[in-house]
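One file, final_39.cif, carrying mmCIF, C-alpha atoms, pLDDT in the B column; chains and numbers go by the auth columns:
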```cif
data_data
#
loop_
_atom_site.group_PDB
_atom_site.id
_atom_site.type_symbol
_atom_site.label_atom_id
_atom_site.label_comp_id
_atom_site.label_asym_id
_atom_site.label_seq_id
_atom_site.Cartn_x
_atom_site.Cartn_y
_atom_site.Cartn_z
_atom_site.B_iso_or_equiv
_atom_site.auth_seq_id
_atom_site.auth_asym_id
ATOM 1 C CA MET A 1 2.532 16.669 -39.758 47.00 1206 A
ATOM 2 C CA ALA A 2 3.388 16.289 -36.096 46.00 1207 A
ATOM 3 C CA GLU A 3 0.814 17.321 -33.544 44.00 1208 A
ATOM 4 C CA PRO A 4 1.751 20.311 -31.403 43.00 1209 A
ATOM 5 C CA LYS A 5 2.476 19.514 -27.793 42.00 1210 A
ATOM 6 C CA LYS A 6 -0.465 19.980 -25.482 40.00 1211 A
ATOM 7 C CA GLU A 7 -0.123 22.692 -22.903 40.00 1212 A
ATOM 8 C CA SER A 8 0.486 21.482 -19.376 39.00 1213 A
ATOM 9 C CA ARG A 9 -2.391 21.888 -16.939 43.00 1214 A
ATOM 10 C CA CYS A 10 0.091 22.918 -14.277 42.00 1215 A
ATOM 11 C CA ASN A 11 1.150 26.485 -13.763 40.00 1216 A
ATOM 12 C CA SER A 12 4.168 27.711 -11.877 37.00 1217 A
ATOM 13 C CA SER A 13 2.221 28.100 -8.634 40.00 1218 A
ATOM 14 C CA GLU A 14 1.355 24.380 -8.693 40.00 1219 A
ATOM 15 C CA SER A 15 4.867 23.144 -9.281 41.00 1220 A
ATOM 16 C CA ALA A 16 6.754 21.359 -6.552 42.00 1221 A
ATOM 17 C CA GLN A 17 9.098 23.180 -4.215 41.00 1222 A
ATOM 18 C CA SER A 18 12.750 23.205 -5.193 43.00 1223 A
ATOM 19 C CA PRO A 19 14.959 20.727 -3.335 43.00 1224 A
ATOM 20 C CA GLU A 20 17.159 23.585 -2.086 44.00 1225 A
ATOM 21 C CA SER A 21 14.216 24.992 -0.148 45.00 1226 A
ATOM 22 C CA SER A 22 14.251 22.748 2.909 50.00 1227 A
ATOM 23 C CA TRP A 23 11.842 24.889 4.944 52.00 1228 A
ATOM 24 C CA SER A 24 8.782 25.710 2.895 54.00 1229 A
ATOM 25 C CA PHE A 25 5.422 26.652 4.305 57.00 1230 A
ATOM 26 C CA PRO A 26 2.007 26.020 2.764 62.00 1231 A
ATOM 27 C CA GLY A 27 -0.799 28.539 2.624 64.00 1232 A
ATOM 28 C CA PRO A 28 -3.159 29.110 5.562 64.00 1233 A
ATOM 29 C CA GLY A 29 -5.311 26.115 4.607 66.00 1234 A
ATOM 30 C CA GLY A 30 -2.300 23.791 4.673 73.00 1235 A
ATOM 31 C CA VAL A 31 -1.162 25.072 8.058 78.00 1236 A
ATOM 32 C CA LEU A 32 -4.679 24.717 9.469 82.00 1237 A
ATOM 33 C CA ALA A 33 -4.956 21.171 8.078 81.00 1238 A
ATOM 34 C CA ARG A 34 -1.707 20.178 9.781 82.00 1239 A
ATOM 35 C CA ILE A 35 -2.725 21.787 13.063 86.00 1240 A
ATOM 36 C CA LEU A 36 -6.074 19.967 12.998 86.00 1241 A
ATOM 37 C CA GLY A 37 -4.441 16.670 12.009 84.00 1242 A
ATOM 38 C CA PHE A 38 -1.816 16.764 14.753 86.00 1243 A
ATOM 39 C CA SER A 39 -4.404 17.995 17.280 86.00 1244 A
ATOM 40 C CA LEU A 40 -6.613 15.023 16.435 85.00 1245 A
ATOM 41 C CA LEU A 41 -3.619 12.687 16.776 84.00 1246 A
ATOM 42 C CA TRP A 42 -2.766 14.221 20.179 82.00 1247 A
ATOM 43 C CA TRP A 43 -6.371 13.890 21.321 83.00 1248 A
ATOM 44 C CA ILE A 44 -6.424 10.207 20.279 83.00 1249 A
ATOM 45 C CA LEU A 45 -3.081 9.438 21.938 82.00 1250 A
ATOM 46 C CA THR A 46 -4.147 11.102 25.196 81.00 1251 A
ATOM 47 C CA GLU A 47 -7.503 9.290 25.090 79.00 1252 A
ATOM 48 C CA GLY A 48 -9.511 12.494 24.918 77.00 1253 A
ATOM 49 C CA GLY A 49 -7.299 14.411 27.311 74.00 1254 A
ATOM 50 C CA SER A 50 -6.946 18.160 27.274 72.00 1255 A
ATOM 51 C CA LEU A 51 -5.490 19.510 24.066 65.00 1256 A
ATOM 52 C CA PHE A 52 -4.991 22.913 25.655 72.00 1257 A
ATOM 53 C CA SER A 53 -2.437 21.790 28.205 78.00 1258 A
ATOM 54 C CA VAL A 54 1.029 23.299 27.872 80.00 1259 A
ATOM 55 C CA LEU A 55 2.437 19.947 26.800 81.00 1260 A
ATOM 56 C CA GLY A 56 -0.352 19.473 24.236 80.00 1261 A
ATOM 57 C CA LEU A 57 0.093 22.910 22.687 83.00 1262 A
ATOM 58 C CA LEU A 58 3.865 22.513 22.626 87.00 1263 A
ATOM 59 C CA GLY A 59 3.663 19.017 21.132 86.00 1264 A
ATOM 60 C CA VAL A 60 1.206 19.996 18.395 87.00 1265 A
ATOM 61 C CA GLY A 61 3.187 23.153 17.580 87.00 1266 A
ATOM 62 C CA MET A 62 6.480 21.288 17.322 89.00 1267 A
ATOM 63 C CA ALA A 63 4.908 18.525 15.233 89.00 1268 A
ATOM 64 C CA VAL A 64 3.497 21.085 12.777 87.00 1269 A
ATOM 65 C CA LEU A 65 6.861 22.871 12.480 86.00 1270 A
ATOM 66 C CA VAL A 66 8.836 19.669 12.019 87.00 1271 A
ATOM 67 C CA SER A 67 6.310 18.447 9.446 83.00 1272 A
ATOM 68 C CA PHE A 68 7.228 21.391 7.202 79.00 1273 A
ATOM 69 C CA ARG A 69 10.802 20.113 7.112 77.00 1274 A
ATOM 70 C CA LEU A 70 10.041 16.393 6.809 78.00 1275 A
ATOM 71 C CA LEU A 71 7.020 16.628 4.512 70.00 1276 A
ATOM 72 C CA PRO A 72 7.194 19.874 2.528 71.00 1277 A
ATOM 73 C CA PRO A 73 4.061 21.159 0.819 68.00 1278 A
ATOM 74 C CA ARG A 74 3.204 19.298 -2.391 63.00 1279 A
ATOM 75 C CA SER A 75 5.557 16.425 -1.549 57.00 1280 A
ATOM 76 C CA TRP A 76 2.619 14.169 -0.644 59.00 1281 A
ATOM 77 C CA PRO A 77 1.877 12.302 -3.869 71.00 1282 A
ATOM 78 C CA LEU A 78 -1.791 11.603 -3.181 75.00 1283 A
ATOM 79 C CA ARG A 79 -4.665 13.937 -4.029 81.00 1284 A
ATOM 80 C CA PRO A 80 -6.959 13.780 -0.960 79.00 1285 A
ATOM 81 C CA LEU A 81 -10.247 14.437 -2.787 87.00 1286 A
ATOM 82 C CA ALA A 82 -9.394 11.847 -5.443 88.00 1287 A
ATOM 83 C CA VAL A 83 -8.718 9.335 -2.653 86.00 1288 A
ATOM 84 C CA VAL A 84 -12.140 10.094 -1.153 88.00 1289 A
ATOM 85 C CA ARG A 85 -13.753 9.593 -4.593 90.00 1290 A
ATOM 86 C CA PHE A 86 -11.870 6.282 -4.938 91.00 1291 A
ATOM 87 C CA LEU A 87 -13.164 4.890 -1.627 89.00 1292 A
ATOM 88 C CA PRO A 88 -16.683 3.913 -2.848 91.00 1293 A
ATOM 89 C CA PHE A 89 -15.139 2.021 -5.787 88.00 1294 A
ATOM 90 C CA PHE A 90 -12.665 0.365 -3.412 86.00 1295 A
ATOM 91 C CA LEU A 91 -15.386 -0.657 -0.961 88.00 1296 A
ATOM 92 C CA TRP A 92 -17.690 -1.908 -3.740 89.00 1297 A
ATOM 93 C CA GLN A 93 -14.917 -4.017 -5.294 82.00 1298 A
ATOM 94 C CA SER A 94 -14.016 -5.387 -1.856 82.00 1299 A
ATOM 95 C CA LEU A 95 -17.639 -6.434 -1.353 88.00 1300 A
ATOM 96 C CA LEU A 96 -17.852 -8.036 -4.817 84.00 1301 A
ATOM 97 C CA GLY A 97 -14.552 -9.849 -4.282 80.00 1302 A
ATOM 98 C CA GLY A 98 -15.733 -11.188 -0.913 83.00 1303 A
ATOM 99 C CA LEU A 99 -19.069 -12.308 -2.350 87.00 1304 A
ATOM 100 C CA ASP A 100 -17.282 -14.025 -5.240 82.00 1305 A
ATOM 101 C CA VAL A 101 -15.036 -15.965 -2.862 80.00 1306 A
ATOM 102 C CA ALA A 102 -17.990 -16.870 -0.638 85.00 1307 A
ATOM 103 C CA SER A 103 -20.124 -18.078 -3.556 86.00 1308 A
ATOM 104 C CA ARG A 104 -17.285 -20.169 -4.992 82.00 1309 A
ATOM 105 C CA SER A 105 -16.591 -21.765 -1.623 83.00 1310 A
ATOM 106 C CA MET A 106 -20.254 -22.795 -1.208 89.00 1311 A
ATOM 107 C CA ARG A 107 -20.515 -24.612 -4.522 87.00 1312 A
ATOM 108 C CA LEU A 108 -20.044 -28.357 -4.720 86.00 1313 A
ATOM 109 C CA LYS A 109 -18.412 -28.128 -8.131 85.00 1314 A
ATOM 110 C CA VAL A 110 -16.372 -25.041 -8.842 79.00 1315 A
ATOM 111 C CA ASN A 111 -16.184 -24.339 -12.563 79.00 1316 A
ATOM 112 C CA VAL A 112 -13.004 -22.319 -13.120 82.00 1317 A
ATOM 113 C CA THR A 113 -10.575 -21.945 -15.997 85.00 1318 A
ATOM 114 C CA PRO A 114 -7.633 -20.108 -14.439 88.00 1319 A
ATOM 115 C CA ILE A 115 -5.408 -17.972 -16.609 89.00 1320 A
ATOM 116 C CA LEU A 116 -2.410 -15.689 -16.154 91.00 1321 A
ATOM 117 C CA ILE A 117 -2.603 -12.382 -17.972 90.00 1322 A
ATOM 118 C CA THR A 118 -0.013 -9.666 -18.386 92.00 1323 A
ATOM 119 C CA HIS A 119 -1.135 -6.101 -17.777 91.00 1324 A
ATOM 120 C CA VAL A 120 1.197 -3.538 -19.378 92.00 1325 A
ATOM 121 C CA PHE A 121 1.191 -0.268 -17.448 90.00 1326 A
ATOM 122 C CA THR A 122 0.489 3.029 -19.121 87.00 1327 A
ATOM 123 C CA LYS A 123 1.343 5.060 -16.012 77.00 1328 A
ATOM 124 C CA GLU A 124 4.942 5.707 -15.012 77.00 1329 A
ATOM 125 C CA SER A 125 4.422 6.362 -11.296 79.00 1330 A
ATOM 126 C CA GLU A 126 5.899 3.542 -9.231 82.00 1331 A
ATOM 127 C CA ALA A 127 3.614 4.341 -6.304 80.00 1332 A
ATOM 128 C CA ALA A 128 0.538 4.145 -8.562 86.00 1333 A
ATOM 129 C CA ARG A 129 1.721 0.819 -9.946 88.00 1334 A
ATOM 130 C CA VAL A 130 2.239 -0.666 -6.490 87.00 1335 A
ATOM 131 C CA LEU A 131 -1.191 0.510 -5.338 87.00 1336 A
ATOM 132 C CA PHE A 132 -2.704 -0.913 -8.537 90.00 1337 A
ATOM 133 C CA VAL A 133 -1.187 -4.323 -7.746 90.00 1338 A
ATOM 134 C CA TRP A 134 -2.605 -4.201 -4.217 88.00 1339 A
ATOM 135 C CA VAL A 135 -6.064 -3.138 -5.349 88.00 1340 A
ATOM 136 C CA VAL A 136 -6.301 -5.495 -8.345 88.00 1341 A
ATOM 137 C CA SER A 137 -6.556 -8.382 -5.901 82.00 1342 A
ATOM 138 C CA LEU A 138 -9.899 -6.955 -4.754 78.00 1343 A
ATOM 139 C CA LEU A 139 -11.456 -7.445 -8.168 79.00 1344 A
ATOM 140 C CA PRO A 140 -13.528 -10.614 -8.167 79.00 1345 A
ATOM 141 C CA GLY A 141 -11.423 -13.648 -9.063 82.00 1346 A
ATOM 142 C CA THR A 142 -8.109 -11.831 -9.497 86.00 1347 A
ATOM 143 C CA ALA A 143 -4.788 -11.714 -7.697 88.00 1348 A
ATOM 144 C CA ALA A 144 -1.562 -9.958 -8.617 90.00 1349 A
ATOM 145 C CA VAL A 145 1.264 -12.469 -8.926 91.00 1350 A
ATOM 146 C CA ASP A 146 4.258 -10.429 -10.091 91.00 1351 A
ATOM 147 C CA LEU A 147 5.173 -6.783 -10.504 89.00 1352 A
ATOM 148 C CA GLN A 148 7.868 -5.749 -12.936 88.00 1353 A
ATOM 149 C CA VAL A 149 8.993 -2.326 -14.084 84.00 1354 A
ATOM 150 C CA ASP A 150 6.407 -1.889 -16.837 88.00 1355 A
ATOM 151 C CA LYS A 151 3.953 -4.744 -16.344 91.00 1356 A
ATOM 152 C CA ALA A 152 2.161 -6.914 -13.820 92.00 1357 A
ATOM 153 C CA LEU A 153 1.271 -10.580 -14.007 92.00 1358 A
ATOM 154 C CA ILE A 154 -2.274 -11.181 -12.816 92.00 1359 A
ATOM 155 C CA HIS A 155 -3.873 -14.527 -11.978 91.00 1360 A
ATOM 156 C CA VAL A 156 -7.540 -14.727 -12.940 87.00 1361 A
ATOM 157 C CA LEU A 157 -9.636 -17.611 -11.585 84.00 1362 A
ATOM 158 C CA ASP A 158 -11.949 -17.764 -14.550 80.00 1363 A
ATOM 159 C CA GLN A 159 -11.033 -16.878 -18.107 80.00 1364 A
ATOM 160 C CA ARG A 160 -14.431 -15.180 -18.481 76.00 1365 A
ATOM 161 C CA LEU A 161 -13.364 -12.632 -15.839 73.00 1366 A
ATOM 162 C CA ALA A 162 -10.204 -11.646 -17.755 72.00 1367 A
ATOM 163 C CA ASP A 163 -11.210 -8.215 -18.984 77.00 1368 A
ATOM 164 C CA SER A 164 -8.455 -5.782 -19.968 81.00 1369 A
ATOM 165 C CA SER A 165 -10.883 -2.838 -19.971 85.00 1370 A
ATOM 166 C CA THR A 166 -11.584 -3.417 -16.261 83.00 1371 A
ATOM 167 C CA LEU A 167 -7.852 -3.393 -15.546 87.00 1372 A
ATOM 168 C CA ARG A 168 -7.382 -0.198 -17.592 89.00 1373 A
ATOM 169 C CA GLU A 169 -10.237 1.454 -15.710 88.00 1374 A
ATOM 170 C CA LEU A 170 -8.698 0.416 -12.375 89.00 1375 A
ATOM 171 C CA GLU A 171 -5.296 1.744 -13.448 90.00 1376 A
ATOM 172 C CA ARG A 172 -6.913 5.036 -14.517 91.00 1377 A
ATOM 173 C CA LYS A 173 -8.712 5.383 -11.174 90.00 1378 A
ATOM 174 C CA VAL A 174 -5.557 4.585 -9.188 90.00 1379 A
ATOM 175 C CA ALA A 175 -3.388 6.925 -11.281 88.00 1380 A
ATOM 176 C CA GLY A 176 -5.926 9.719 -10.796 89.00 1381 A
ATOM 177 C CA MET A 177 -5.191 9.701 -7.057 88.00 1382 A
ATOM 178 C CA PHE A 178 -1.524 10.636 -7.567 83.00 1383 A
ATOM 179 C CA ARG A 179 0.272 13.844 -8.442 74.00 1384 A
ATOM 180 C CA ASP A 180 3.244 13.739 -10.769 63.00 1385 A
ATOM 181 C CA HIS A 181 6.653 15.069 -9.699 45.00 1386 A
ATOM 182 C CA ASN A 182 5.549 18.677 -10.402 45.00 1387 A
ATOM 183 C CA GLY A 183 2.547 18.448 -8.109 42.00 1388 A
ATOM 184 C CA CYS A 184 0.064 18.085 -10.984 45.00 1389 A
ATOM 185 C CA GLN A 185 -2.545 15.394 -11.344 47.00 1390 A
ATOM 186 C CA CYS A 186 -1.118 12.353 -13.080 44.00 1391 A
ATOM 187 C CA THR A 187 -2.285 11.939 -16.640 42.00 1392 A
ATOM 188 C CA PHE A 188 -3.159 8.639 -18.192 41.00 1393 A
ATOM 189 C CA ALA A 189 -1.256 7.817 -21.374 41.00 1394 A
ATOM 190 C CA GLY A 190 -3.399 7.653 -24.457 39.00 1395 A
ATOM 191 C CA THR A 191 -6.096 10.013 -23.183 37.00 1396 A
ATOM 192 C CA ASP A 192 -6.599 13.770 -23.221 35.00 1397 A
#
```

For this file, produce the structure as structure tokens.
Amino acid sequence: MAEPKKESRCNSSESAQSPESSWSFPGPGGVLARILGFSLLWWILTEGGSLFSVLGLLGVGMAVLVSFRLLPPRSWPLRPLAVVRFLPFFLWQSLLGGLDVASRSMRLKVNVTPILITHVFTKESEAARVLFVWVVSLLPGTAAVDLQVDKALIHVLDQRLADSSTLRELERKVAGMFRDHNGCQCTFAGTD
């Protein structure tokens, strides 16, 4: 007997804006976030100059309005809080990768058994796959060599480091930072 389809976690209010709607406005929090973001950018570009000048207010206001047209609400594929949660993992893996390279370079005899492994993706998002390939090179002893539609070829310096569960965990963490085309959190194939 076939399993019933699981209900989507997305409701109609979370779905993406229709393509016909070229001017769509977010809620008050989204407007405030854009105002703060463009104000910070203005402040940086003017090296701490006055934000409340006529030119500053006009520039920030126009940037916010134009951003609604160029980057409609929910069109940004990344989930900001998930990105923040990913940063400690990213920094830790960067540190481990750097320490691994440093320790290997200090040894007189480097004992490696390099291997190429193929990682088959379980996530369909192209952006998530590209980010995965960039980040996988931070894992100690690994480097992405090739990216194809549904798989990546990964060079591992030492066969003992070739762990598919680590790659699956990395793919899950990267995929969790992206929304799907309906604005929902991406789901990882094979899990609930």

| query | Which residues fall under the PyMOL selection byres ((chain A and resi 1305-1317) around 12) in this file, as a PyMOL selection string? | reply | chain A and resi 1298-1304+1318-1320+1342-1347+1361-1367

| Two-atom distance - CA of Leu1237 in chain A, CA of Leu1336 in chain A (Å) |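 Between CA of Leu1237 in chain A and CA of Leu1336 in chain A the gap works out to 28.6 Å.
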
| query | Restricting the calculation to all atoms listed in the file, which member of A:Ala1332, A:Leu1275, A:Val1269, A:Leu1321 is positioned closest to Gly1381 in chain A? | reply |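 Closest residue, counting all atoms listed in the file: A:Ala1332.
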
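Across the model, the gap from CA of Ala1287 in chain A to CA of Gly1235 in chain A is 17.2 Å.
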
| request: Could you pull out every residue with an atom within 7 Å of (-3.3, 11.9, -5.7), file coordinates, counting all atoms listed in the file, and send them as a ChimeraX atom specification? | output: /A:1282-1285,1287-1288,1381-1384,1390

| remark: What separates CA of Ala1357 in chain A and CA of Thr1323 in chain A is a distance of 5.8 Å

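When all atoms listed in the file are used to compute distances to Ser1330 in chain A, the closest of the residues A:Val1265, A:Leu1246, A:Leu1270, A:Val1379 turns out to be A:Val1379.
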
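Shell of Ile1322 in chain A at 7 Å, with only C-alpha atoms counted and residues fewer than 6 places along the chain excluded, is Leu1358, Ile1359 and His1360 of chain A.
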
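Residues selected in this file by the PyMOL selection byres ((chain A and resi 1353) around 10) comprise Val1325, Phe1326, Arg1334, Val1335, Asp1351, Leu1352, Val1354, Asp1355, Lys1356, Ala1357 and Leu1358 of chain A.
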
| said: Need to verify the contact set: Arg1377 in chain A, 9 Å, all atoms listed in the file, exclusion of same-chain residues closer than 2 positions in sequence. Can you return it as an MDAnalysis selection string? | reply: chainID A and resid 1327:1328 1372:1375 1379:1382 1392:1393

| Between A:Phe1295, A:Leu1263, A:Arg1290, A:Ser1272, which one has atoms that come closest to Ala1238 in chain A, using all atoms listed in the file? | A:Ser1272

| said: Please determine, counting all atoms listed in the file, which residue among A:Ala1348, A:Val1340, A:Val1259, A:Leu1250 has the shortest atom-to-atom distance to Trp1297 in chain A. | reply: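 Ranked by minimum distance to Trp1297 in chain A, first place goes to A:Val1340.
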